[in-house]
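Enquirer: Here you go, one structure.
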Amino acid sequence: FRKRLKISEIKGGPEEGLGLVGQTLTVMGWVRTLRAQSSVTFIEVNDGSCLSNMQCVMDSDAEGYDQVESGLVSTGASIWIQGILVASQGSKQKVELKVKKIMLVGKSDPSYPIQKKRVSREFLRTKAHLRPRTNTFGAVSRVRNALAYATHKFFQENGFVWVSSPIITSSDCEGAGEQFCVTTLIPSSGETTATPIDAIPKTENGLIDWSQDFFAKPAFLTVSGQLNAETYATALSDVYTFGPTFRAENSNTARHLAEFWMIEPELAFADLDDDMACATAYLQYVVRHVLENCKEDMEFFNTWIEKGIIDRLTDVVNKDFVQLTYTDAVELLVKSKKKFEFPVKWGCDLQSEHERYITEQVFRGCPVIIRDYPKDIKAFYMRQNDDGRTVAAMDMLVPRVGELIGGSQREERLEYLEARLDDLKLNKDTYWWYLDLRRYGSVPHAGFGLGFERLVQFATGIENIRDTIPFPRAPGSSEF
Ligand code: 4AD
Ligand code: MG
């Protein structure tokens with residue numbers, strides 16, 4: 001494997017590149033800008049390895065100069081450049097490349113839509129295939145990658161086993177009926193003449209005939225890998241999933257996607273306090289990792305996306321998170337006398353306006369963990385508290401994003417779980433394997449789910465969740 005030298009390695013090298021001065025280096029990338037002055041031409045090249053470009057300075061005796069002169073080397077084109085690294089006269093960079101030879105690899109049509117002028121993020125969403133070539137999306141992609149790396153690092157260093165939970169499933173973990181269904185377009189008879197939508201096997205009354213379908217039973221895209229993670233936690237002790245999940249909730253907001261990635265740790269022999277401690281340690285670890293390892297990109301966000309984000313994240317790493325019960329949170333909201341769109345009373349689900357008020361106004365930017373929610377607004381698997389009306393659930397709220405994490409201690413007592421399934425009129429037969437975990441060596445266990453794109457929002461200051469994932473899927477998406 002021939003490793004190519006990247007701009008990040010040159011600029012991140014000894015003395016910010018000055019240690020390599022005098023060496024002949026090769027750079028390959030895409031032209032960001034090109035400025036021709038009377039005797040020299042400046043080309044800014046970016047290869048995606050870091051935010052900053054390599055400034056390449058060329059005069060007319062460089063080999064391949066004719067391609068520049070004729071206008072073939074333009075914004076967006078891919079090029080190969082060889083030259084000598086020299087100390088830069090300019091104030092923006094320590095080093096630049098004095099070009100000896102330039103080769104055009106792929107020219108760029110003048111219709112290239114990512115020109116130097118600032119383009120809106122809405123516009124860029126319609127150009128999802130080209131937007132990684134902008135500063136913002138390059139930086140988001142690198143920070144997203146760093147967060148994923150730090151996630152694995154945190155769990156691996158703490159003895160968790162990564163488990164791949166299935167994407168196709170027949171159970172609805174959250175019981176919210178927000179699943180996408182999976183069905184085949186080729187009827188089992190093998191007929192291929194039908195138009196795709198007609199090809200789904202149907203019953204007489206027009207519903208999907210699942211017995212004729214691929215799996216011979218209803219199949220859905222997973223909304224959460226938690227139930228599968230629980231089976232592995234009750235064998236391997238501490239596990240985590242990290243993969244795509246899907247929700248057909250029709251929420252056209254800046255915090256919801258139809259396809260998003262979730263990280264779901266599950267801890268055996270653990271209660272809600274252990275769960276909250278793990279969530280706090282995890283968040284502080286990954287945020288610290290990004291602050292330490294993505295300095296250039298974080299400075300960019302601090303200047304252009306959210307002023308003060310570095311200070312805000314530094315506080316997250318160093319300060320204790322606030323904890324309060326749902327009951328106290330409701331009291332605090334009622335007492336605030338603030339006019340919310342959705343009035344608050346005990347028993348209602350907290351809306352994003354309430355969550356943001358708590359973290360942004362009351363606790364001034366500090367993450368807040370709310371625990372012990374009413375059982376009627378939470379999923380069937382959460383452990384009932386002794387008061388009979390709340391469950392051992394927790395949500396971690398952060399400024400700007402609202403709910404970043406949702407978790408709970410799981411109901412490990414067979415008779416309680418069966419009673420809860422009956423209460424909610426859920427079919428016990430479909431949960432037979434989940435109940436088995438309570439039949440054979442049940443243990444107190446707890447876990448949480450963190451929406452990875454919301455974490456990217458939190459760590460970069462990017463406002464809309466659609467700009468935190470390479471190819472966003474949301475209700476009404478026209479981008480694919
Ligand atoms: O609170 P949720 O629904 O919890 C679960 O799915 C549990 N089974 C997790 C567990 O205990 N293992 O979702 C967890 C997190 C939310 O806090 C939020 O960050 C994110 O997933 N999330 C979404 N992110 C983007 N778009 C959506 N539509 C999301 N729905 C949930
Ligand atoms: Mg939730």
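Numbering starts fresh at 1 for the residues of each chain in the structure tokens, the chains themselves are lettered A, B, ... in the order given, and ligands are numbered from 1 as they appear.
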Kindly work out which residues sit at most 6 Å from ligand 1, using only C-alpha atoms and all ligand atoms, and give the list as a list in words.

Expert: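 So the residues close to ligand 1 are Ser224, Gln226, Arg247, Arg255, His256, Leu257, Ala258, Phe260, Glu264, Glu403, Leu404, Ile405, Gly406, Gly407, Ser408, Gly447, Phe448, Gly449, Leu450, Gly451 and Arg454 of chain A.
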
Enquirer: Could the residues in this selection be written to a file with N, CA and C atoms, as a compact mmCIF listing (two decimals), in the first residue's frame?

Expert:
```txt
# COMPACT_ATOMS: atom_id res chain seq x y z
N SER A 224 -34.18 0.82 16.73
CA SER A 224 -33.21 0.79 17.83
C SER A 224 -32.67 -0.63 17.96
N GLN A 226 -31.52 -1.79 20.74
CA GLN A 226 -31.43 -2.05 22.18
C GLN A 226 -31.81 -3.47 22.61
N ARG A 247 -36.44 5.88 11.40
CA ARG A 247 -37.72 6.23 12.01
C ARG A 247 -38.60 6.99 11.02
N ARG A 255 -33.88 18.63 14.06
CA ARG A 255 -33.28 17.63 14.95
C ARG A 255 -33.68 16.20 14.60
N HIS A 256 -34.48 16.03 13.55
CA HIS A 256 -34.96 14.69 13.21
C HIS A 256 -34.54 14.27 11.81
N LEU A 257 -34.10 13.03 11.72
CA LEU A 257 -33.82 12.42 10.43
C LEU A 257 -34.62 11.12 10.34
N ALA A 258 -34.86 10.66 9.12
CA ALA A 258 -35.52 9.36 8.96
C ALA A 258 -34.49 8.24 9.08
N PHE A 260 -30.77 7.71 10.86
CA PHE A 260 -29.71 8.30 11.69
C PHE A 260 -28.92 7.18 12.36
N GLU A 264 -25.60 2.61 21.18
CA GLU A 264 -26.40 2.09 22.28
C GLU A 264 -25.58 1.13 23.17
N GLU A 403 -32.82 16.89 23.49
CA GLU A 403 -32.51 15.51 23.91
C GLU A 403 -31.38 14.92 23.07
N LEU A 404 -30.28 14.64 23.75
CA LEU A 404 -29.14 14.02 23.07
C LEU A 404 -29.13 12.51 23.33
N ILE A 405 -29.54 12.16 24.55
CA ILE A 405 -29.48 10.76 24.99
C ILE A 405 -30.80 10.38 25.64
N GLY A 406 -31.26 9.15 25.36
CA GLY A 406 -32.40 8.60 26.08
C GLY A 406 -32.00 7.23 26.59
N GLY A 407 -32.22 6.97 27.88
CA GLY A 407 -31.82 5.66 28.40
C GLY A 407 -32.66 5.25 29.58
N SER A 408 -32.35 4.07 30.11
CA SER A 408 -33.11 3.59 31.27
C SER A 408 -32.46 2.37 31.88
N GLY A 447 -29.01 0.83 30.02
CA GLY A 447 -28.31 1.29 28.82
C GLY A 447 -28.89 2.59 28.33
N PHE A 448 -28.32 3.09 27.26
CA PHE A 448 -28.86 4.32 26.68
C PHE A 448 -28.61 4.36 25.18
N GLY A 449 -29.30 5.27 24.53
CA GLY A 449 -29.11 5.47 23.10
C GLY A 449 -28.76 6.92 22.85
N LEU A 450 -27.73 7.13 22.05
CA LEU A 450 -27.33 8.50 21.71
C LEU A 450 -27.43 8.66 20.19
N GLY A 451 -28.13 9.69 19.76
CA GLY A 451 -28.25 9.97 18.33
C GLY A 451 -26.96 10.62 17.85
N ARG A 454 -27.06 14.10 16.35
CA ARG A 454 -27.27 15.17 17.35
C ARG A 454 -25.97 15.46 18.08
```

Enquirer: Need the shell around A:Glu9: protein/DNA/RNA residues with any atom at most 12 Å away, counting only C-alpha atoms. Skip same-chain ones fewer than 3 positions apart. Format as a compact mmCIF listing (two decimals) with N, CA and C atoms, in the first residue's frame?

Expert:
```txt
# COMPACT_ATOMS: atom_id res chain seq x y z
N LYS A 3 1.36 4.87 0.52
CA LYS A 3 0.67 5.95 1.22
C LYS A 3 1.07 7.29 0.63
N ARG A 4 0.04 8.05 0.27
CA ARG A 4 0.27 9.35 -0.35
C ARG A 4 0.42 10.41 0.76
N LEU A 5 1.36 11.34 0.53
CA LEU A 5 1.56 12.42 1.51
C LEU A 5 0.38 13.39 1.43
N LYS A 6 -0.19 13.71 2.59
CA LYS A 6 -1.35 14.61 2.60
C LYS A 6 -0.92 15.99 3.14
N GLY A 12 1.00 19.74 9.49
CA GLY A 12 1.01 19.28 10.88
C GLY A 12 2.37 18.70 11.26
N GLY A 13 3.32 18.75 10.33
CA GLY A 13 4.65 18.17 10.57
C GLY A 13 5.48 19.07 11.48
N PRO A 14 6.77 18.76 11.58
CA PRO A 14 7.65 19.54 12.47
C PRO A 14 7.57 21.03 12.15
N GLU A 15 7.40 21.84 13.18
CA GLU A 15 7.32 23.31 13.07
C GLU A 15 6.32 23.75 12.00
N GLU A 16 5.15 23.14 12.05
CA GLU A 16 4.07 23.46 11.10
C GLU A 16 4.54 23.43 9.65
N GLY A 17 5.40 22.49 9.34
CA GLY A 17 5.87 22.33 7.97
C GLY A 17 7.25 22.92 7.72
N LEU A 18 7.64 23.87 8.57
CA LEU A 18 8.94 24.52 8.35
C LEU A 18 10.08 23.50 8.41
N GLY A 19 9.87 22.43 9.16
CA GLY A 19 10.89 21.38 9.27
C GLY A 19 11.11 20.64 7.96
N LEU A 20 10.19 20.80 7.01
CA LEU A 20 10.32 20.09 5.73
C LEU A 20 10.79 21.01 4.61
N LEU A 25 8.27 17.86 -2.74
CA LEU A 25 7.07 17.15 -2.31
C LEU A 25 6.02 17.12 -3.43
N VAL A 27 1.86 17.03 -4.15
CA VAL A 27 0.54 17.24 -3.56
C VAL A 27 -0.51 16.95 -4.63
N ASP A 47 -6.83 18.91 -0.26
CA ASP A 47 -7.00 17.46 -0.49
C ASP A 47 -7.92 16.82 0.55
N GLY A 48 -8.61 17.64 1.34
CA GLY A 48 -9.59 17.13 2.30
C GLY A 48 -8.99 16.63 3.60
N SER A 49 -7.65 16.54 3.67
CA SER A 49 -7.05 16.00 4.90
C SER A 49 -7.10 17.01 6.04
N CYS A 50 -7.24 18.28 5.72
CA CYS A 50 -7.36 19.32 6.74
C CYS A 50 -8.06 20.53 6.13
N SER A 52 -6.96 23.65 5.94
CA SER A 52 -6.18 24.62 5.18
C SER A 52 -5.70 24.04 3.85
N MET A 54 -3.00 24.01 0.52
CA MET A 54 -1.59 24.23 0.24
C MET A 54 -1.53 25.34 -0.81
```

Enquirer: Residues within 10 Å of A:Met298, please, as a ChimeraX atom specification. Count only C-alpha atoms; anything in the same chain fewer than 4 positions from it doesn't count.

Expert: /A:139-140,143,290-294,302-306,309-310,459-461

Enquirer: If you run DSSP on this backbone, which residues of stretch 87-292 of chain A come out as helix (DSSP H, G or I), and could you give them as a PDB file with C-alpha atoms, in the first residue's frame?

Expert:
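Output saved as selection_3.pdb:
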```
ATOM      1  CA  ARG A 121     -26.539  25.383   3.235  1.00  0.00           C
ATOM      2  CA  GLU A 122     -30.001  24.839   1.729  1.00  0.00           C
ATOM      3  CA  PHE A 123     -28.473  25.120  -1.719  1.00  0.00           C
ATOM      4  CA  LEU A 124     -25.664  22.759  -0.776  1.00  0.00           C
ATOM      5  CA  ARG A 125     -28.175  20.124   0.370  1.00  0.00           C
ATOM      6  CA  ARG A 131     -20.699  19.715  -0.716  1.00  0.00           C
ATOM      7  CA  PRO A 132     -17.849  17.753   0.976  1.00  0.00           C
ATOM      8  CA  ARG A 133     -15.564  20.007  -1.067  1.00  0.00           C
ATOM      9  CA  ASN A 135     -14.783  24.157   4.164  1.00  0.00           C
ATOM     10  CA  THR A 136     -17.854  23.568   6.323  1.00  0.00           C
ATOM     11  CA  PHE A 137     -18.621  20.056   5.137  1.00  0.00           C
ATOM     12  CA  GLY A 138     -14.994  19.046   5.079  1.00  0.00           C
ATOM     13  CA  ALA A 139     -14.701  20.131   8.723  1.00  0.00           C
ATOM     14  CA  VAL A 140     -17.993  18.449   9.707  1.00  0.00           C
ATOM     15  CA  SER A 141     -16.885  15.215   8.031  1.00  0.00           C
ATOM     16  CA  ARG A 142     -13.570  15.159   9.876  1.00  0.00           C
ATOM     17  CA  VAL A 143     -15.170  15.936  13.250  1.00  0.00           C
ATOM     18  CA  ARG A 144     -17.859  13.312  12.633  1.00  0.00           C
ATOM     19  CA  ASN A 145     -15.088  10.822  11.908  1.00  0.00           C
ATOM     20  CA  ALA A 146     -13.197  11.839  15.063  1.00  0.00           C
ATOM     21  CA  LEU A 147     -16.366  11.375  17.150  1.00  0.00           C
ATOM     22  CA  ALA A 148     -16.869   7.886  15.702  1.00  0.00           C
ATOM     23  CA  TYR A 149     -13.250   6.970  16.382  1.00  0.00           C
ATOM     24  CA  ALA A 150     -13.454   8.311  19.946  1.00  0.00           C
ATOM     25  CA  THR A 151     -16.686   6.389  20.498  1.00  0.00           C
ATOM     26  CA  HIS A 152     -15.047   3.067  19.688  1.00  0.00           C
ATOM     27  CA  LYS A 153     -11.960   4.081  21.648  1.00  0.00           C
ATOM     28  CA  PHE A 154     -13.986   4.931  24.769  1.00  0.00           C
ATOM     29  CA  PHE A 155     -15.947   1.695  24.802  1.00  0.00           C
ATOM     30  CA  GLN A 156     -13.005  -0.503  23.837  1.00  0.00           C
ATOM     31  CA  GLU A 157     -10.820   1.022  26.567  1.00  0.00           C
ATOM     32  CA  PRO A 196     -42.937  -2.443  -8.948  1.00  0.00           C
ATOM     33  CA  ILE A 197     -45.720  -1.200  -6.718  1.00  0.00           C
ATOM     34  CA  ASP A 198     -48.174  -3.746  -8.087  1.00  0.00           C
ATOM     35  CA  ALA A 199     -45.613  -6.469  -7.547  1.00  0.00           C
ATOM     36  CA  TRP A 210     -47.051 -11.069   4.306  1.00  0.00           C
ATOM     37  CA  SER A 211     -47.382 -14.850   3.971  1.00  0.00           C
ATOM     38  CA  GLN A 212     -46.480 -14.431   0.283  1.00  0.00           C
ATOM     39  CA  GLN A 226     -31.434  -2.046  22.182  1.00  0.00           C
ATOM     40  CA  LEU A 227     -33.377  -5.288  22.571  1.00  0.00           C
ATOM     41  CA  ASN A 228     -30.662  -7.140  20.657  1.00  0.00           C
ATOM     42  CA  ALA A 229     -27.973  -5.412  22.697  1.00  0.00           C
ATOM     43  CA  GLU A 230     -29.690  -6.609  25.875  1.00  0.00           C
ATOM     44  CA  THR A 231     -29.354 -10.228  24.759  1.00  0.00           C
ATOM     45  CA  TYR A 232     -25.616  -9.761  24.356  1.00  0.00           C
ATOM     46  CA  ALA A 233     -25.184  -7.741  27.568  1.00  0.00           C
ATOM     47  CA  THR A 234     -26.764 -10.596  29.497  1.00  0.00           C
ATOM     48  CA  ALA A 235     -23.980 -12.843  28.196  1.00  0.00           C
ATOM     49  CA  LEU A 236     -20.925 -10.653  27.564  1.00  0.00           C
ATOM     50  CA  LEU A 272     -29.769   3.896  36.507  1.00  0.00           C
ATOM     51  CA  ASP A 273     -26.982   5.680  38.411  1.00  0.00           C
ATOM     52  CA  ASP A 274     -24.367   3.552  36.647  1.00  0.00           C
ATOM     53  CA  ASP A 275     -26.070   4.337  33.354  1.00  0.00           C
ATOM     54  CA  MET A 276     -26.000   8.107  33.932  1.00  0.00           C
ATOM     55  CA  ALA A 277     -22.366   7.947  35.049  1.00  0.00           C
ATOM     56  CA  CYS A 278     -21.457   6.042  31.875  1.00  0.00           C
ATOM     57  CA  ALA A 279     -23.317   8.526  29.647  1.00  0.00           C
ATOM     58  CA  THR A 280     -21.552  11.455  31.330  1.00  0.00           C
ATOM     59  CA  ALA A 281     -18.094   9.875  31.080  1.00  0.00           C
ATOM     60  CA  TYR A 282     -18.726   8.966  27.436  1.00  0.00           C
ATOM     61  CA  LEU A 283     -19.825  12.461  26.424  1.00  0.00           C
ATOM     62  CA  GLN A 284     -16.926  14.112  28.221  1.00  0.00           C
ATOM     63  CA  TYR A 285     -14.467  11.681  26.636  1.00  0.00           C
ATOM     64  CA  VAL A 286     -15.564  12.213  23.035  1.00  0.00           C
ATOM     65  CA  VAL A 287     -15.834  15.988  23.415  1.00  0.00           C
ATOM     66  CA  ARG A 288     -12.330  16.137  24.926  1.00  0.00           C
ATOM     67  CA  HIS A 289     -11.038  13.994  22.060  1.00  0.00           C
ATOM     68  CA  VAL A 290     -12.424  16.422  19.482  1.00  0.00           C
ATOM     69  CA  LEU A 291     -11.090  19.495  21.308  1.00  0.00           C
ATOM     70  CA  GLU A 292      -7.633  17.935  21.442  1.00  0.00           C
TER      71      GLU A 292
END
```

Enquirer: Write down as a ChimeraX atom specification the residues belonging to stretch 26-149 of chain A that are assigned strand (DSSP E) by DSSP computed on the backbone.

Expert: /A:26-36,40-46,54-59,78-87,95-106

Enquirer: Got a sec: who's within 9 Å of stretch 109-119 of chain A, counting only C-alpha atoms, leaving out chain neighbours fewer than 5 positions off, as a PyMOL selection string?

Expert: chain A and resi 32-33+74-77+124+127+130-131+133-134

Enquirer: If you keep C-alpha atoms, can you produce a file of those selected residues as a compact mmCIF listing (two decimals), in the first residue's frame?

Expert:
```
# COMPACT_ATOMS: atom_id res chain seq x y z
CA ARG A 32 -10.05 25.90 -4.48
CA THR A 33 -8.92 29.17 -6.03
CA SER A 74 -9.75 26.12 -12.87
CA THR A 75 -11.73 25.98 -9.61
CA GLY A 76 -12.85 22.43 -8.92
CA ALA A 77 -10.28 20.76 -11.18
CA LEU A 124 -25.66 22.76 -0.78
CA LYS A 127 -25.59 19.25 -4.13
CA LEU A 130 -20.20 18.09 -4.12
CA ARG A 131 -20.70 19.71 -0.72
CA ARG A 133 -15.56 20.01 -1.07
CA THR A 134 -16.55 23.05 0.98
```

Enquirer: Determine the nearest neighbour of A:Pro218 from the options A:Ser251, A:Ser171, A:Ser38, A:Asn158, counting only C-alpha atoms.

Expert: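 Smallest separation from A:Pro218 among the options: A:Ser171.
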
Enquirer: Have a look at A:Asp387, A:Asp61, A:Glu360, A:Glu174 and name the one nearest to ligand 2; count only C-alpha atoms and all ligand atoms.

Expert: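 Counting only C-alpha atoms and all ligand atoms, the residue closest to ligand 2 is A:Glu174.
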
Enquirer: Which of these residues is nearest to ligand 2, using only C-alpha atoms and all ligand atoms: A:Ser352, A:Thr222, A:Asn385, A:Ser237?

Expert: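 The closest residue to ligand 2 is A:Ser352.
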
Enquirer: Hey, what's within 12 Å of A:Ile208 if we count only C-alpha atoms and toss same-chain stuff fewer than 4 positions away? As a list of chain:residue names, please?

Expert: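 The residues satisfying every condition are A:Cys181, A:Val182, A:Thr183, A:Thr184, A:Leu185, A:Pro187, A:Ile197, A:Asp198, A:Ala199, A:Ile200, A:Pro201, A:Lys202, A:Thr203, A:Glu204, A:Gln212, A:Asp213, A:Phe214, A:Ala216, A:Lys217, A:Pro218, A:Ala219.
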
Enquirer: Just the number, please: distance in Å from atom CA of A:Pro475 to atom CA of A:Thr169, one decimal.

Expert: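 Going from atom CA of A:Pro475 over to atom CA of A:Thr169 covers 21.8 Å.
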
Enquirer: Please, what distance in Å, to one decimal, runs between atom CA of A:Val21 and atom CA of A:Lys295?

Expert: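 Spanning atom CA of A:Val21 to atom CA of A:Lys295 is a straight-line distance of 23.4 Å.
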
Enquirer: What does the distance between atom CA of A:Ile102 and atom CA of A:Gln23 come to in Å, to one decimal place?

Expert: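 Distance reported for this atom pair: 16.6 Å.
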
Enquirer: Of the candidates A:Lys92, A:Arg410, A:Lys428, A:Lys339, which one gets nearest to A:Glu266 if we count only C-alpha atoms?

Expert: A:Arg410
